[in-house]
Amino acid sequence: MSRKKELLTLMNIDTSWLKTNYITENNQQSFHDLRLEANNCQKCQLAYDRNNVVFGKGNEKADIFIIGEAPGKEEDLTGEPFIGRAGKLLTEILFSMNLSRDDVYITNTVKCRPPENRNPNSEEISSCSNFLDKQISLISPKVIILLGKIAAERILNTSEPMSFLRTKIHYYKDTAIPTLVFYHPAYLLRSPGEKKKVWEDILFMRENINVS
Ligand code: URA
């Protein structure tokens with residue numbers, strides 16, 4: 001039982017509304033099994049060219065769950081998400097939020113690298129959707145951050161433009177998990193003039209989401 005739940009129970013306060021954000025031993029096992037399943041996945045054509053499945057990395061009890069697009073070359077070679085240039089910018093963005101990569105969980109919409117870094121297609125996205133949904137359910141985060149259009153389209157089932165989706169609170173499926181859309185760090189690297197918008201995204205999150 002969490003400390004918060006323990007205290008509320010002692011005060012005879014109903015705790016049924018409290019979201020548990022810890023993983024039981026059983027779930028830990030499931031997370032391990034899910035990773036193994038992903039490592040052996042052959043559901044789409046991306047399986048045939050990959051060096052590594054990039055399952056995800058970070059704190060498996062994180063309050064903040066971050067979803068990017070797909071692994072790039074360096075991620076494919078190492079099996080770790082967001083370690084190239086976009087990853088370095090993501091680390092800086094997290095730092096400015098007083099967070100380190102170990103405080104959050106980072107993964108992608110698809111777990112294998114699309115050739116030439118093209119966008120993943122709908123078949124690849126749906127082949128991977130089970131892994132992503134199970135990761136979210138096992139981690140049970142307090143907030144989800146979607147980096148860029150591919151993650152936003154997949155999770156929010158929308159084709160609205162980024163400019164419309166950001167600085168709004170969405171919800172993951174039929175849960176109460178608030179879900180925010182940020183510009184993708186790779187887009188910010190390509191369009192440095194837009195970098196200031198990430199500060200608006202961070203500020204919006206700080207003012208509207210309580211993850212303490
Ligand atoms: N871009 C992504 O969306 N994910 C990565 O892991 C790296 C770059």
# chains A, B, ... in the order shown; residues from 1 in each chain; ligands from 1
>>> residues_near_ligand(ligand="ligand 1", cutoff="9 Å", atoms="only C-alpha atoms and all ligand atoms", output="PyMOL selection string")
chain A and resi 54+56+67-76+80-87+106-111+113+117+147-148+150-151+184-186
>>> write_last_selection(atoms="C-alpha atoms", output="PDB file, in the first residue's frame")
ATOM      1  CA  VAL A  54      13.786  -0.717 -29.089  1.00  0.00           C
ATOM      2  CA  GLY A  56      11.591   1.334 -24.099  1.00  0.00           C
ATOM      3  CA  ILE A  67       5.928   8.253 -26.484  1.00  0.00           C
ATOM      4  CA  GLY A  68       7.925   9.165 -29.581  1.00  0.00           C
ATOM      5  CA  GLU A  69       7.627   7.966 -33.138  1.00  0.00           C
ATOM      6  CA  ALA A  70      10.056   5.185 -34.059  1.00  0.00           C
ATOM      7  CA  PRO A  71      13.714   4.301 -33.453  1.00  0.00           C
ATOM      8  CA  GLY A  72      16.311   5.899 -35.687  1.00  0.00           C
ATOM      9  CA  LYS A  73      19.698   4.518 -36.724  1.00  0.00           C
ATOM     10  CA  GLU A  74      21.462   4.921 -33.377  1.00  0.00           C
ATOM     11  CA  GLU A  75      18.495   3.596 -31.446  1.00  0.00           C
ATOM     12  CA  ASP A  76      18.338   0.548 -33.740  1.00  0.00           C
ATOM     13  CA  GLU A  80      17.763   2.332 -26.557  1.00  0.00           C
ATOM     14  CA  PRO A  81      15.160   4.975 -27.386  1.00  0.00           C
ATOM     15  CA  PHE A  82      16.052   8.614 -28.037  1.00  0.00           C
ATOM     16  CA  ILE A  83      19.819   8.537 -27.839  1.00  0.00           C
ATOM     17  CA  GLY A  84      20.648  10.456 -31.032  1.00  0.00           C
ATOM     18  CA  ARG A  85      20.417  14.233 -31.521  1.00  0.00           C
ATOM     19  CA  ALA A  86      16.675  14.318 -30.884  1.00  0.00           C
ATOM     20  CA  GLY A  87      17.293  12.262 -27.744  1.00  0.00           C
ATOM     21  CA  ILE A 106      10.451   6.599 -22.716  1.00  0.00           C
ATOM     22  CA  THR A 107       9.268   4.495 -25.625  1.00  0.00           C
ATOM     23  CA  ASN A 108       8.040   4.808 -29.203  1.00  0.00           C
ATOM     24  CA  THR A 109       4.874   4.189 -31.184  1.00  0.00           C
ATOM     25  CA  VAL A 110       6.702   1.455 -33.098  1.00  0.00           C
ATOM     26  CA  LYS A 111       9.576  -0.506 -31.626  1.00  0.00           C
ATOM     27  CA  ARG A 113      13.346   1.211 -37.124  1.00  0.00           C
ATOM     28  CA  ASN A 117      13.783   6.766 -41.075  1.00  0.00           C
ATOM     29  CA  LEU A 147       5.992  13.638 -28.977  1.00  0.00           C
ATOM     30  CA  GLY A 148       4.853  14.602 -32.457  1.00  0.00           C
ATOM     31  CA  ILE A 150       2.644   9.995 -35.261  1.00  0.00           C
ATOM     32  CA  ALA A 151       2.271   9.349 -31.515  1.00  0.00           C
ATOM     33  CA  HIS A 184       8.775  16.180 -31.478  1.00  0.00           C
ATOM     34  CA  PRO A 185      12.408  17.094 -30.636  1.00  0.00           C
ATOM     35  CA  ALA A 186      13.465  16.129 -34.196  1.00  0.00           C
TER      36      ALA A 186
END
>>> select_by_dssp(residues="segment 17-138 of chain A", states="alpha helix (DSSP H)", output="ChimeraX atom specification")
/A:25-39,73-78,85-96,122-138
>>> closest_residue(among="A:Ala38, A:Leu156, A:Leu180, A:Leu189", to="Gln135 of chain A", atoms="only C-alpha atoms")
A:Ala38
>>> closest_residue(among="A:Ile145, A:Leu132, A:Met11, A:Ile93", to="Leu188 of chain A", atoms="only C-alpha atoms")
A:Ile93
>>> atom_distance(atom1="atom CA of Phe182 of chain A", atom2="atom CA of Pro161 of chain A")
11.8 Å
>>> closest_residue(among="A:Glu60, A:Glu160, A:Asp201, A:Asp49", to="Ser140 of chain A", atoms="only C-alpha atoms")
A:Glu60
>>> residues_around(residues="Leu34 of chain A", least_positions_apart="3", cutoff="9 Å", atoms="only C-alpha atoms", output="number ranges by chain")
A: 29-31, 37-39, 131, 134-135
>>> write_last_selection(atoms="N, CA, C and O atoms", output="compact mmCIF listing (two decimals), in the first residue's frame")
# COMPACT_ATOMS: atom_id res chain seq x y z
N GLN A 29 6.71 -9.09 -13.69
CA GLN A 29 6.93 -10.28 -14.49
C GLN A 29 6.32 -10.09 -15.88
O GLN A 29 6.93 -10.40 -16.89
N SER A 30 5.12 -9.52 -15.90
CA SER A 30 4.47 -9.30 -17.18
C SER A 30 5.27 -8.34 -18.05
O SER A 30 5.32 -8.50 -19.25
N PHE A 31 5.87 -7.33 -17.40
CA PHE A 31 6.66 -6.36 -18.16
C PHE A 31 7.86 -7.07 -18.80
O PHE A 31 8.18 -6.85 -19.96
N GLU A 37 8.52 -10.84 -25.56
CA GLU A 37 7.61 -11.03 -26.70
C GLU A 37 7.96 -10.03 -27.81
O GLU A 37 8.01 -10.39 -28.99
N ALA A 38 8.23 -8.79 -27.43
CA ALA A 38 8.58 -7.76 -28.42
C ALA A 38 9.90 -8.12 -29.11
O ALA A 38 10.04 -7.98 -30.33
N ASN A 39 10.85 -8.63 -28.32
CA ASN A 39 12.16 -8.97 -28.90
C ASN A 39 12.04 -10.07 -29.95
O ASN A 39 12.88 -10.16 -30.84
N PHE A 131 1.81 -3.79 -27.85
CA PHE A 131 2.95 -3.58 -26.94
C PHE A 131 2.81 -2.23 -26.22
O PHE A 131 3.01 -2.14 -25.02
N LYS A 134 -0.07 -2.24 -23.66
CA LYS A 134 0.27 -3.01 -22.45
C LYS A 134 1.31 -2.28 -21.60
O LYS A 134 1.26 -2.34 -20.38
N GLN A 135 2.27 -1.62 -22.26
CA GLN A 135 3.27 -0.85 -21.48
C GLN A 135 2.56 0.22 -20.65
O GLN A 135 2.86 0.40 -19.47
